[in-house]
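Colleague: Following this message is one structure expressed as structure tokens.
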Amino acid sequence: MPGKVISVGGTKAIVDFSGNRMEAQAGLVKVKPGDSVLVHAGCILQVLAQEEADSLSDLMAELQNI
Amino acid sequence: MAHGSGGKETSDLIASIFAKHFNNPILAKMEDSAVIPGCARIAMTTDSFVVKPVFFPGGDIGKIAVCGTVNDLAMSGSTPKYLTCGFILEEGAEFETLERIVSSMAKAAKEANVIIVGGDTKVIEGSGGIYINTAGVGFMDESGFAVSSSLCAEGDAVILSGTLGDHHATILSARMNIENEIKSDCAPLHVMASALAKSGLAIKSMRDVTRGGLATVLHEFAVASKACIQIDEKEIPVNPQVLGLTGILGLDPLYMANEGKMVTVVAKEDAKKALALMRESPYGEKAAIIGSVVSGDQGTLLLHTTTGGTRTLTELYGEGLPRIC
Amino acid sequence: MTDYRTFLGEYDGKPMRIMEVCGTHTAAISHCGIPSLLSPKIELISGPGCPVCVTVTEYIDRLVALSLESNTVVATFGDMIRVPGTSKSLQDARADGAKFRMVYSPLDLIKLAREETDKTFVFAAVGFETTIAVYASLLDELIAQGIRNVKLLTSLKTMPLVIDWVCRSKSGIDGFLAPGHVSVITGSDLFAPIAKEHTIPFAVAGFEGEQILVALYALVKLINAHEGRVMNMYPSVVTAEGNKTAQKLIAKYFESSDAAWRGMGVIPRSGMKLRAEYEAYDAGSENLYSDRGHNAQCRCAKVITGAEKPSACPLFGSVCTPQTPQGACMVSSEGSCHSYFANRRR
């Protein structure tokens with residue numbers, strides 16, 4: 001589940017998951033406060049992209065025609 | 001203990017803490033056993049508490065020790081009356097810690113309308129651990145009210161008194177240094193249970209939701225009643241922060257422990273009234289009808305998921321996670 | 001939007017077998033009740049994507065031995081504790097004095113190592129590409145902070161070759177639900193060559209019910225159209241190229257090596273190990289290949305390759321349960337056997 005970056009300090013960030021605040025390692029991807037991120041075993045792996053809804057509908061449209 | 005050498009001074013200090021906080025005429029007699037007015041039929045139970053940390057948001061080991069036993073008594077429809085408490089204290093435990101716990105127990109006992117009529121303390125080698133056993137007695141009335149996990153019948157409604165997993169989430173958060181506002185839901189349910197027991201409604205079974213979680217309790221009902229129970233994931237109240245925590249740690253609220261929630265199975269025609277009674281009782285604001293007994297394979301518990309699928313739930317296997325009560 | 005739910009529920013075309021290659025997908029599929037939403041012609045098979053489940057007994061034996069050494073403490077993710085080695089699990093060894101701790105993240109070791117400098121902390125470093133990235137992050141921190149008392153016992157695996165192994169093994173898999181988080185690191189293009197070579201489609205899926213359904217829909221369509229390609233149905237998080245920073249960091253500390261997979265034997269170049277210059281951080285991970293079954297009748301090997309369902313194992317549900325697991329597939333909450341048992345899947 002995605003979390004929200006609250007603050008960043010060096011290679012660490014505080015991430016909020018529906019009110020649970022945890023420290024996560026932030027060395028694998030550039031993050032800033034407000035970013036929606038994917039965290040795995042204490043490490044931020046990726047920042048969630050905003051445009052996903054559009055590309056998913058494109059894919060579904062493509063599949064319908066197969 | 002932190003002060004005394006384990007001799008008379010230590011026992012006197014401990015006794016003074018109990019006398020100060022559990023102050024009541026029966027205890028004050030300091031006899032070998034308490035002789036108290038009884039009743040034709042009594043409910044009895046015992047439980048031991050070993051949770052670490054001993055203090056956590058929403059409660060402490062003492063509060064759970066009282067509420068846990070009170071709730072077990074209340075679930076049979078009895079009026080909880082008397083408790084005893086036994087302490088096993090490891091050397092290194094602090095008097096201040098003990099006093100804080102005992103004071104909390106006194107407060108919980110007062111709210112639950114029970115008196116602590118006896119107790120015992122042992123000090124052993126160790127590193128400061130504190131363990132508590134409570135045993136309790138409740139009075140059964142002769143109204144004929146009787147609940148059992150084997151009475152659930154097709155059509156009956158399943159009603160949960162509030163949010164799942166709060167206690168378990170609190171302990172895990174404390175252990176793992178996760179910051180949140182989750183509090184243990186440790187609370188006495190004697191008022192709620194009594195309201196149901198005296199309502200004249202067709203209450204089939206009542207159980208508090210502790211270790212093993214809701215799924216374990218409902219699975220037991222299904223097996224004992226040779227019935228099929230189905231619950232709806234979207235109807236089950238879970239605090240958003242608790243849900244967030246389960247997402248991070250890969251947990252399931254259905255298998256997490258509570259210390260102040262109960263589930264009841266009620267005849268269909270009485271469900272709305274039973275729900276209203278629970279919502280009006282202390283700690284029942286979020287009570288909800290979460291499912292029903294349906295036709296299906298005997299001894300089966302089904303979950304209708306938020307995705308729209310159906311999943312079979314078993315009782316909790318294995319130890320699961322570190323001890324939380 | 002397309003009514004993929006009805007499509008999947010009412011599908012009446014040729015029967016197909018779809019494999020999810022990620023333990024977290026196995027768990028999510030059970031959790032959401034996905035099998036109950038699919039036509040009986042769509043069969044879901046759980047594959048070798050649970051890192052705990054594919055760990056060989058010799059690795060566990062070495063881990064147990066380390067936990068018994070003086071001044072050594074083993075740290076693991078939760079599930080590892082109960083996996084049986086040749087005779088014992090870490091949990092069993094506690095009675096012999098084994099010292100181990102469960103942690104949420106390998107990075108938790110940094111604080112522990114600094115507080116208890118007289119002890120060596122060994123992390124049971126199992127996992128696929130996703131977790132390998134986390135171990136690489138850990139090494140970065142250990143070196144930056146000059147911490148010397150943390151080591152890794154590695155059993156690191158990578159996806160492409162084992163999937164290729166399954167494709168060649170006649171398990172009859174028609175399509176793959178590609179691992180969501182591995183793809184975040186590696187990029188979804190990783191699976192394109194395998195898809196093309198075997199003409200088997202891959203759909204990258206997220207972990208929510210809806211995301212899995214959408215990916216299954218894509219797979220059924222692609223399978224029927226005989227299209228051997230990869231479709232990324234998790235575009236919010238996964239890209240074609242993946243996380244380049246993570247890939248570079250992994251390459252800095254690790255190199256590919258042979259790896260032993262429970263029930264499949266050694267698959268050359270299918271794993272990773274610490275590079276020679278970082279040997280100081282290795283706890284003796286070389287040559288942990290042997291896999292002597294705890295219980296000779298355990299069928300974990302066949303289950304994780306999709307050759308058999310958990311219920312086909314003679315021990316399933318009787319001798320082997322989550323309380324008395326005979327093999328790794330029953331111990332891990334992401335293992336096929338555990339998932340099937342706990343959810344009464346058939």
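Each chain in the structure tokens gets a letter, A, B and so on, in the order shown; residues start at 1 in every chain, and ligands are counted from 1 in the order they appear.
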For chain A, list the residues within 12 Å of chain C, counting only C-alpha atoms, and write the list as a ChimeraX atom specification.

Modeller: /A:1-2,10-12,22-30,36-66

Colleague: Hey, list the chain A side of the contact with chain B: 8 Å cut-off, only C-alpha atoms, answer as a list of chain:residue names.

Modeller: A:Met1, A:Phe17, A:Ser18, A:Gly19, A:Asn20, A:Arg21, A:Met22

Colleague: Which residues of chain C are close to chain B, meaning at most 8 Å apart when you count only C-alpha atoms, and how do they look as a ChimeraX atom specification?

Modeller: /C:30-37,104,209-210,322-323,342-345

Colleague: Do a neighbour search on C:Val266 at 12 Å with only C-alpha atoms, toss out local chain neighbours closer than 3 positions, and write the hits as number ranges by chain.

Modeller: C: 54-56, 157, 161-162, 165, 257-263, 269-271, 287-291

Colleague: Within 12 Å of stretch 99-111 of chain B, counting only C-alpha atoms, which residues show up once you throw out same-chain ones fewer than 3 positions away? Write them as a short mmCIF file (atom, residue, chain, number, x, y, z; two decimals) with all heavy atoms, in the first residue's frame, please.

Modeller:
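The file below, around_1.cif, is the result:
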data_model
loop_
_atom_site.label_atom_id
_atom_site.label_comp_id
_atom_site.auth_asym_id
_atom_site.auth_seq_id
_atom_site.Cartn_x
_atom_site.Cartn_y
_atom_site.Cartn_z
N LEU B 13 5.92 -3.86 51.94
CA LEU B 13 5.78 -2.81 50.95
C LEU B 13 4.73 -3.19 49.91
O LEU B 13 3.88 -2.38 49.53
CB LEU B 13 7.13 -2.54 50.26
CG LEU B 13 8.04 -1.56 51.00
CD1 LEU B 13 9.46 -1.66 50.50
CD2 LEU B 13 7.52 -0.14 50.85
N ILE B 14 4.80 -4.44 49.45
CA ILE B 14 3.83 -4.89 48.45
C ILE B 14 2.43 -4.86 49.04
O ILE B 14 1.49 -4.34 48.43
CB ILE B 14 4.18 -6.31 47.95
CG1 ILE B 14 5.51 -6.28 47.19
CG2 ILE B 14 3.06 -6.85 47.08
CD1 ILE B 14 6.00 -7.65 46.78
N ALA B 15 2.30 -5.39 50.26
CA ALA B 15 0.97 -5.44 50.91
C ALA B 15 0.40 -4.04 51.06
O ALA B 15 -0.80 -3.82 50.88
CB ALA B 15 1.08 -6.12 52.26
N SER B 16 1.28 -3.09 51.33
CA SER B 16 0.78 -1.72 51.52
C SER B 16 0.22 -1.15 50.24
O SER B 16 -0.76 -0.41 50.24
CB SER B 16 1.87 -0.81 52.08
OG SER B 16 2.84 -0.58 51.08
N ILE B 17 0.84 -1.51 49.11
CA ILE B 17 0.33 -1.02 47.82
C ILE B 17 -1.07 -1.60 47.58
O ILE B 17 -2.00 -0.87 47.21
CB ILE B 17 1.26 -1.42 46.66
CG1 ILE B 17 2.61 -0.70 46.79
CG2 ILE B 17 0.61 -1.11 45.32
CD1 ILE B 17 3.62 -1.09 45.72
N PHE B 18 -1.23 -2.89 47.82
CA PHE B 18 -2.53 -3.52 47.59
C PHE B 18 -3.58 -2.96 48.53
O PHE B 18 -4.69 -2.61 48.12
CB PHE B 18 -2.45 -5.04 47.78
CG PHE B 18 -1.62 -5.73 46.74
CD1 PHE B 18 -1.08 -6.98 46.98
CD2 PHE B 18 -1.39 -5.15 45.51
CE1 PHE B 18 -0.31 -7.62 46.02
CE2 PHE B 18 -0.62 -5.78 44.55
CZ PHE B 18 -0.08 -7.02 44.82
N ALA B 19 -3.21 -2.88 49.80
CA ALA B 19 -4.17 -2.39 50.79
C ALA B 19 -4.63 -0.99 50.43
O ALA B 19 -5.80 -0.65 50.53
CB ALA B 19 -3.54 -2.40 52.18
N LYS B 20 -3.69 -0.17 49.97
CA LYS B 20 -4.02 1.23 49.65
C LYS B 20 -5.00 1.31 48.50
O LYS B 20 -5.98 2.05 48.55
CB LYS B 20 -2.70 1.95 49.31
CG LYS B 20 -2.86 3.39 48.88
CD LYS B 20 -1.45 3.99 48.73
CE LYS B 20 -1.46 5.24 47.85
NZ LYS B 20 -0.08 5.57 47.42
N HIS B 21 -4.79 0.51 47.45
CA HIS B 21 -5.60 0.68 46.24
C HIS B 21 -6.81 -0.23 46.16
O HIS B 21 -7.82 0.14 45.60
CB HIS B 21 -4.72 0.49 45.00
CG HIS B 21 -3.69 1.56 44.85
ND1 HIS B 21 -3.97 2.80 44.33
CD2 HIS B 21 -2.38 1.58 45.19
CE1 HIS B 21 -2.88 3.54 44.34
NE2 HIS B 21 -1.89 2.82 44.86
N PHE B 22 -6.70 -1.44 46.72
CA PHE B 22 -7.83 -2.35 46.65
C PHE B 22 -8.67 -2.29 47.91
O PHE B 22 -9.38 -3.23 48.23
CB PHE B 22 -7.33 -3.81 46.47
CG PHE B 22 -6.64 -4.07 45.16
CD1 PHE B 22 -5.75 -5.13 45.05
CD2 PHE B 22 -6.88 -3.30 44.04
CE1 PHE B 22 -5.11 -5.40 43.85
CE2 PHE B 22 -6.25 -3.55 42.83
CZ PHE B 22 -5.35 -4.61 42.74
N ASN B 23 -8.60 -1.24 48.58
CA ASN B 23 -9.24 -1.08 49.87
C ASN B 23 -10.71 -1.47 49.87
O ASN B 23 -11.54 -0.87 49.19
CB ASN B 23 -9.09 0.40 50.27
CG ASN B 23 -9.67 0.68 51.62
OD1 ASN B 23 -9.73 -0.21 52.48
ND2 ASN B 23 -10.12 1.90 51.83
N ASN B 24 -11.07 -2.56 50.59
CA ASN B 24 -12.47 -2.95 50.75
C ASN B 24 -12.54 -3.83 52.01
O ASN B 24 -11.54 -4.39 52.44
CB ASN B 24 -13.00 -3.68 49.50
CG ASN B 24 -12.33 -5.01 49.25
OD1 ASN B 24 -12.48 -5.95 50.04
ND2 ASN B 24 -11.58 -5.10 48.17
N VAL B 54 4.39 -3.34 29.57
CA VAL B 54 3.28 -3.39 30.54
C VAL B 54 2.40 -2.15 30.47
O VAL B 54 1.24 -2.21 30.87
CB VAL B 54 3.77 -3.64 31.99
CG1 VAL B 54 4.35 -5.03 32.12
CG2 VAL B 54 4.74 -2.60 32.46
N PHE B 55 2.95 -1.05 29.99
CA PHE B 55 2.14 0.16 29.79
C PHE B 55 2.08 0.47 28.30
O PHE B 55 3.08 0.37 27.61
CB PHE B 55 2.76 1.37 30.52
CG PHE B 55 2.84 1.21 32.00
CD1 PHE B 55 4.08 1.05 32.62
CD2 PHE B 55 1.70 1.19 32.78
CE1 PHE B 55 4.17 0.89 34.00
CE2 PHE B 55 1.78 1.01 34.16
CZ PHE B 55 3.01 0.87 34.77
N PHE B 56 0.90 0.83 27.82
CA PHE B 56 0.73 1.14 26.40
C PHE B 56 -0.44 2.11 26.27
O PHE B 56 -1.27 2.21 27.18
CB PHE B 56 0.48 -0.14 25.58
CG PHE B 56 -0.44 -1.10 26.26
CD1 PHE B 56 -1.82 -0.96 26.16
CD2 PHE B 56 0.07 -2.16 27.02
CE1 PHE B 56 -2.68 -1.83 26.81
CE2 PHE B 56 -0.78 -3.03 27.68
CZ PHE B 56 -2.16 -2.86 27.58
N GLY B 58 -3.85 3.57 26.01
CA GLY B 58 -5.16 2.96 26.23
C GLY B 58 -5.21 2.00 27.39
O GLY B 58 -6.28 1.50 27.75
N GLY B 59 -4.08 1.68 28.00
CA GLY B 59 -4.17 0.76 29.13
C GLY B 59 -2.84 0.23 29.62
O GLY B 59 -1.78 0.81 29.37
N ASP B 60 -2.92 -0.85 30.36
CA ASP B 60 -1.73 -1.49 30.92
C ASP B 60 -2.10 -2.92 31.30
O ASP B 60 -3.27 -3.30 31.23
CB ASP B 60 -1.25 -0.72 32.16
CG ASP B 60 -2.35 -0.56 33.19
OD1 ASP B 60 -2.68 -1.57 33.86
OD2 ASP B 60 -2.90 0.54 33.31
N ILE B 61 -1.09 -3.67 31.73
CA ILE B 61 -1.32 -5.08 32.02
C ILE B 61 -2.36 -5.26 33.13
O ILE B 61 -3.12 -6.24 33.14
CB ILE B 61 0.02 -5.77 32.36
CG1 ILE B 61 -0.15 -7.27 32.45
CG2 ILE B 61 0.61 -5.19 33.65
CD1 ILE B 61 1.17 -8.03 32.65
N GLY B 62 -2.42 -4.32 34.07
CA GLY B 62 -3.38 -4.43 35.16
C GLY B 62 -4.81 -4.25 34.67
O GLY B 62 -5.72 -5.02 35.02
N LYS B 63 -5.00 -3.25 33.82
CA LYS B 63 -6.34 -2.99 33.31
C LYS B 63 -6.84 -4.19 32.51
O LYS B 63 -7.99 -4.60 32.64
CB LYS B 63 -6.31 -1.72 32.45
CG LYS B 63 -7.68 -1.22 32.04
CD LYS B 63 -7.59 0.09 31.26
CE LYS B 63 -8.98 0.52 30.79
NZ LYS B 63 -8.93 1.65 29.83
N ILE B 64 -5.95 -4.78 31.68
CA ILE B 64 -6.40 -5.95 30.91
C ILE B 64 -6.70 -7.11 31.85
O ILE B 64 -7.61 -7.89 31.59
CB ILE B 64 -5.38 -6.53 29.93
CG1 ILE B 64 -4.46 -5.53 29.31
CG2 ILE B 64 -6.08 -7.28 28.84
CD1 ILE B 64 -3.52 -6.21 28.34
N ALA B 65 -5.89 -7.23 32.90
CA ALA B 65 -6.10 -8.35 33.81
C ALA B 65 -7.49 -8.29 34.45
O ALA B 65 -8.14 -9.32 34.64
CB ALA B 65 -5.02 -8.35 34.89
N VAL B 66 -7.94 -7.10 34.75
CA VAL B 66 -9.28 -6.97 35.34
C VAL B 66 -10.34 -7.12 34.25
O VAL B 66 -11.26 -7.94 34.36
CB VAL B 66 -9.44 -5.61 36.05
CG1 VAL B 66 -10.89 -5.36 36.43
CG2 VAL B 66 -8.55 -5.56 37.29
N CYS B 67 -10.24 -6.35 33.19
CA CYS B 67 -11.26 -6.37 32.14
C CYS B 67 -11.37 -7.72 31.45
O CYS B 67 -12.47 -8.17 31.12
CB CYS B 67 -10.98 -5.28 31.10
SG CYS B 67 -11.13 -3.61 31.77
N GLY B 68 -10.26 -8.38 31.26
CA GLY B 68 -10.27 -9.68 30.58
C GLY B 68 -11.13 -10.68 31.33
O GLY B 68 -11.98 -11.36 30.75
N THR B 69 -10.92 -10.75 32.62
CA THR B 69 -11.67 -11.70 33.44
C THR B 69 -13.12 -11.25 33.61
O THR B 69 -14.05 -12.07 33.54
CB THR B 69 -10.95 -11.90 34.79
OG1 THR B 69 -9.71 -12.55 34.49
CG2 THR B 69 -11.73 -12.77 35.75
N VAL B 70 -13.34 -9.96 33.80
CA VAL B 70 -14.70 -9.43 33.88
C VAL B 70 -15.47 -9.79 32.61
O VAL B 70 -16.62 -10.25 32.67
CB VAL B 70 -14.67 -7.89 34.08
CG1 VAL B 70 -16.00 -7.26 33.73
CG2 VAL B 70 -14.28 -7.54 35.51
N ASN B 71 -14.84 -9.61 31.48
CA ASN B 71 -15.52 -9.87 30.21
C ASN B 71 -15.83 -11.35 30.03
O ASN B 71 -16.91 -11.72 29.57
CB ASN B 71 -14.70 -9.33 29.04
CG ASN B 71 -14.71 -7.81 29.01
OD1 ASN B 71 -15.51 -7.17 29.69
ND2 ASN B 71 -13.81 -7.22 28.25
N PRO B 80 -20.49 -10.05 36.92
CA PRO B 80 -19.19 -10.21 37.55
C PRO B 80 -19.20 -9.60 38.96
O PRO B 80 -19.70 -8.49 39.15
CB PRO B 80 -18.24 -9.44 36.62
CG PRO B 80 -18.96 -9.34 35.32
CD PRO B 80 -20.42 -9.27 35.67
N LYS B 81 -18.68 -10.35 39.96
CA LYS B 81 -18.75 -9.86 41.32
C LYS B 81 -17.38 -9.77 42.00
O LYS B 81 -17.05 -8.78 42.62
CB LYS B 81 -19.63 -10.80 42.18
CG LYS B 81 -21.08 -10.84 41.76
CD LYS B 81 -21.80 -9.56 42.00
CE LYS B 81 -22.11 -9.33 43.47
NZ LYS B 81 -22.86 -8.07 43.66
N TYR B 82 -16.61 -10.85 41.98
CA TYR B 82 -15.37 -10.89 42.76
C TYR B 82 -14.20 -11.34 41.91
O TYR B 82 -14.33 -12.23 41.09
CB TYR B 82 -15.51 -11.89 43.92
CG TYR B 82 -16.74 -11.69 44.77
CD1 TYR B 82 -17.71 -12.70 44.84
CD2 TYR B 82 -16.94 -10.54 45.52
CE1 TYR B 82 -18.84 -12.56 45.62
CE2 TYR B 82 -18.08 -10.38 46.29
CZ TYR B 82 -19.03 -11.39 46.35
OH TYR B 82 -20.15 -11.24 47.11
N LEU B 83 -13.07 -10.74 42.20
CA LEU B 83 -11.83 -11.13 41.53
C LEU B 83 -10.75 -11.43 42.56
O LEU B 83 -10.76 -10.84 43.66
CB LEU B 83 -11.33 -9.97 40.65
CG LEU B 83 -11.41 -10.08 39.12
CD1 LEU B 83 -12.79 -10.45 38.65
CD2 LEU B 83 -10.96 -8.78 38.49
N THR B 84 -9.84 -12.35 42.22
CA THR B 84 -8.60 -12.44 42.98
C THR B 84 -7.50 -12.09 42.00
O THR B 84 -7.70 -12.18 40.80
CB THR B 84 -8.34 -13.87 43.50
OG1 THR B 84 -8.20 -14.75 42.37
CG2 THR B 84 -9.45 -14.35 44.41
N CYS B 85 -6.35 -11.70 42.54
CA CYS B 85 -5.24 -11.46 41.62
C CYS B 85 -3.93 -11.97 42.19
O CYS B 85 -3.61 -11.75 43.35
CB CYS B 85 -5.13 -10.00 41.22
SG CYS B 85 -4.86 -8.89 42.60
N GLY B 86 -3.22 -12.72 41.38
CA GLY B 86 -1.92 -13.23 41.78
C GLY B 86 -0.85 -12.57 40.95
O GLY B 86 -0.99 -12.44 39.75
N PHE B 87 0.23 -12.13 41.61
CA PHE B 87 1.32 -11.47 40.89
C PHE B 87 2.58 -12.31 40.97
O PHE B 87 2.91 -12.83 42.03
CB PHE B 87 1.66 -10.12 41.54
CG PHE B 87 0.66 -9.04 41.27
CD1 PHE B 87 -0.54 -8.99 41.95
CD2 PHE B 87 0.93 -8.05 40.34
CE1 PHE B 87 -1.47 -7.99 41.71
CE2 PHE B 87 0.00 -7.04 40.09
CZ PHE B 87 -1.20 -7.01 40.77
N ALA B 93 11.86 -5.48 39.20
CA ALA B 93 10.62 -4.74 38.97
C ALA B 93 10.56 -3.60 39.97
O ALA B 93 10.94 -3.76 41.12
CB ALA B 93 9.42 -5.68 39.15
N GLU B 94 10.09 -2.47 39.51
CA GLU B 94 10.07 -1.28 40.36
C GLU B 94 8.76 -1.17 41.14
O GLU B 94 7.70 -1.46 40.60
CB GLU B 94 10.19 -0.03 39.49
CG GLU B 94 11.42 0.00 38.59
CD GLU B 94 12.63 0.55 39.32
OE1 GLU B 94 12.42 1.29 40.30
OE2 GLU B 94 13.75 0.24 38.91
N PHE B 95 8.85 -0.70 42.38
CA PHE B 95 7.64 -0.49 43.18
C PHE B 95 6.71 0.51 42.51
O PHE B 95 5.50 0.36 42.54
CB PHE B 95 8.00 -0.02 44.59
CG PHE B 95 8.43 -1.14 45.49
CD1 PHE B 95 9.76 -1.26 45.87
CD2 PHE B 95 7.52 -2.09 45.93
CE1 PHE B 95 10.17 -2.31 46.67
CE2 PHE B 95 7.92 -3.14 46.73
CZ PHE B 95 9.25 -3.26 47.11
N GLU B 96 7.32 1.52 41.91
CA GLU B 96 6.49 2.56 41.28
C GLU B 96 5.67 1.97 40.15
O GLU B 96 4.51 2.30 39.94
CB GLU B 96 7.35 3.69 40.71
CG GLU B 96 8.09 4.54 41.75
CD GLU B 96 9.28 3.80 42.37
OE1 GLU B 96 9.88 2.94 41.70
OE2 GLU B 96 9.59 4.09 43.54
N VAL B 114 -16.70 -4.67 40.40
CA VAL B 114 -16.23 -5.89 41.04
C VAL B 114 -15.30 -5.52 42.17
O VAL B 114 -14.71 -4.44 42.16
CB VAL B 114 -15.46 -6.84 40.07
CG1 VAL B 114 -16.39 -7.35 38.99
CG2 VAL B 114 -14.25 -6.17 39.48
N ILE B 115 -15.20 -6.40 43.18
CA ILE B 115 -14.21 -6.14 44.23
C ILE B 115 -13.16 -7.24 44.21
O ILE B 115 -13.43 -8.39 43.90
CB ILE B 115 -14.82 -5.99 45.63
CG1 ILE B 115 -15.83 -7.08 45.93
CG2 ILE B 115 -15.45 -4.63 45.80
CD1 ILE B 115 -16.39 -6.95 47.36
N ILE B 116 -11.96 -6.82 44.55
CA ILE B 116 -10.83 -7.74 44.58
C ILE B 116 -10.71 -8.25 46.00
O ILE B 116 -10.40 -7.49 46.92
CB ILE B 116 -9.57 -7.04 44.07
CG1 ILE B 116 -9.81 -6.69 42.61
CG2 ILE B 116 -8.35 -7.96 44.23
CD1 ILE B 116 -8.76 -5.83 41.96
N VAL B 117 -11.02 -9.53 46.17
CA VAL B 117 -11.16 -10.07 47.52
C VAL B 117 -9.97 -10.88 47.99
O VAL B 117 -9.93 -11.32 49.13
CB VAL B 117 -12.44 -10.93 47.63
CG1 VAL B 117 -13.66 -10.10 47.32
CG2 VAL B 117 -12.35 -12.15 46.73
N GLY B 119 -5.54 -12.10 47.03
CA GLY B 119 -4.42 -12.02 46.09
C GLY B 119 -3.20 -12.68 46.67
O GLY B 119 -3.19 -13.16 47.80
N ILE B 130 6.77 -8.49 35.02
CA ILE B 130 5.59 -8.52 35.90
C ILE B 130 4.51 -9.33 35.22
O ILE B 130 4.17 -9.07 34.06
CB ILE B 130 5.07 -7.07 36.17
CG1 ILE B 130 6.10 -6.31 36.98
CG2 ILE B 130 3.73 -7.11 36.90
CD1 ILE B 130 5.70 -4.88 37.33
N TYR B 131 3.99 -10.35 35.92
CA TYR B 131 2.96 -11.22 35.35
C TYR B 131 1.80 -11.29 36.33
O TYR B 131 2.00 -11.36 37.53
CB TYR B 131 3.53 -12.61 35.09
CG TYR B 131 4.86 -12.55 34.37
CD1 TYR B 131 6.05 -12.83 35.04
CD2 TYR B 131 4.93 -12.17 33.03
CE1 TYR B 131 7.27 -12.72 34.40
CE2 TYR B 131 6.15 -12.07 32.38
CZ TYR B 131 7.31 -12.34 33.07
OH TYR B 131 8.52 -12.23 32.43
N ILE B 132 0.58 -11.28 35.79
CA ILE B 132 -0.59 -11.24 36.66
C ILE B 132 -1.57 -12.34 36.28
O ILE B 132 -1.83 -12.57 35.10
CB ILE B 132 -1.34 -9.88 36.53
CG1 ILE B 132 -0.37 -8.71 36.73
CG2 ILE B 132 -2.48 -9.81 37.53
CD1 ILE B 132 -1.03 -7.35 36.55
N THR B 134 -5.62 -13.34 37.10
CA THR B 134 -6.84 -12.99 37.82
C THR B 134 -7.82 -14.15 37.67
O THR B 134 -7.90 -14.79 36.63
CB THR B 134 -7.52 -11.71 37.26
OG1 THR B 134 -7.60 -11.79 35.84
CG2 THR B 134 -6.74 -10.47 37.64
N GLY B 136 -12.01 -15.05 38.58
CA GLY B 136 -13.20 -14.26 38.86
C GLY B 136 -14.43 -15.12 39.06
O GLY B 136 -14.53 -16.25 38.57
N CYS B 186 -8.97 -1.81 25.47
CA CYS B 186 -9.20 -2.49 26.74
C CYS B 186 -10.36 -1.86 27.51
O CYS B 186 -10.30 -0.68 27.86
CB CYS B 186 -7.91 -2.40 27.55
SG CYS B 186 -8.04 -3.15 29.15
N ALA B 187 -11.42 -2.62 27.76
CA ALA B 187 -12.60 -2.05 28.43
C ALA B 187 -13.48 -3.16 28.98
O ALA B 187 -13.48 -4.28 28.45
CB ALA B 187 -13.41 -1.23 27.43
N PRO B 188 -14.25 -2.87 30.04
CA PRO B 188 -15.18 -3.86 30.58
C PRO B 188 -16.51 -3.82 29.82
O PRO B 188 -17.05 -2.74 29.57
CB PRO B 188 -15.38 -3.40 32.03
CG PRO B 188 -15.17 -1.92 31.99
CD PRO B 188 -14.29 -1.62 30.81
N LEU B 189 -17.01 -5.00 29.44
CA LEU B 189 -18.24 -5.05 28.65
C LEU B 189 -19.45 -5.54 29.46
O LEU B 189 -20.43 -6.01 28.89
CB LEU B 189 -18.01 -5.98 27.45
CG LEU B 189 -16.91 -5.51 26.48
CD1 LEU B 189 -16.60 -6.61 25.47
CD2 LEU B 189 -17.30 -4.22 25.77
N HIS B 190 -19.34 -5.43 30.77
CA HIS B 190 -20.40 -5.99 31.61
C HIS B 190 -21.75 -5.29 31.40
O HIS B 190 -22.80 -5.93 31.45
CB HIS B 190 -20.01 -5.92 33.09
CG HIS B 190 -19.73 -4.53 33.58
ND1 HIS B 190 -18.73 -3.73 33.04
CD2 HIS B 190 -20.33 -3.77 34.53
CE1 HIS B 190 -18.73 -2.57 33.65
NE2 HIS B 190 -19.69 -2.55 34.56
N VAL B 191 -21.72 -4.00 31.14
CA VAL B 191 -22.97 -3.26 30.94
C VAL B 191 -23.63 -3.72 29.64
O VAL B 191 -24.84 -4.00 29.59
CB VAL B 191 -22.73 -1.74 30.92
CG1 VAL B 191 -24.01 -1.00 30.56
CG2 VAL B 191 -22.20 -1.26 32.27
N PRO B 282 -21.91 1.48 26.84
CA PRO B 282 -20.53 1.98 26.79
C PRO B 282 -19.68 1.11 25.87
O PRO B 282 -19.81 -0.12 25.90
CB PRO B 282 -20.04 1.88 28.23
CG PRO B 282 -21.26 1.75 29.07
CD PRO B 282 -22.33 1.17 28.22
#

Colleague: Taking only C-alpha atoms into account, name the residue in B:Lys198, B:Ala224, B:Gly162, B:Lys204 that is nearest to B:Ala288.

Modeller: B:Gly162

Colleague: To one decimal place, how far is atom CA of B:Leu301 from atom CA of B:His219 in Å?

Modeller: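 Atom-to-atom, atom CA of B:Leu301 and atom CA of B:His219 are spaced 5.6 Å apart.
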
Colleague: Which of stretch 112-326 of chain C counts as strand (DSSP E) under DSSP, as a count of residues only please?

Modeller: 44

Colleague: Name all residues at most 8 Å from A:Val5 (count only C-alpha atoms; drop same-chain ones fewer than 4 positions away) and give them as a ChimeraX atom specification.

Modeller: /A:13-16,31-37

Colleague: As a count of residues only, list the residues of stretch 170-258 of chain B assigned to alpha helix (DSSP H) by DSSP on the backbone atoms of this structure.

Modeller: 38
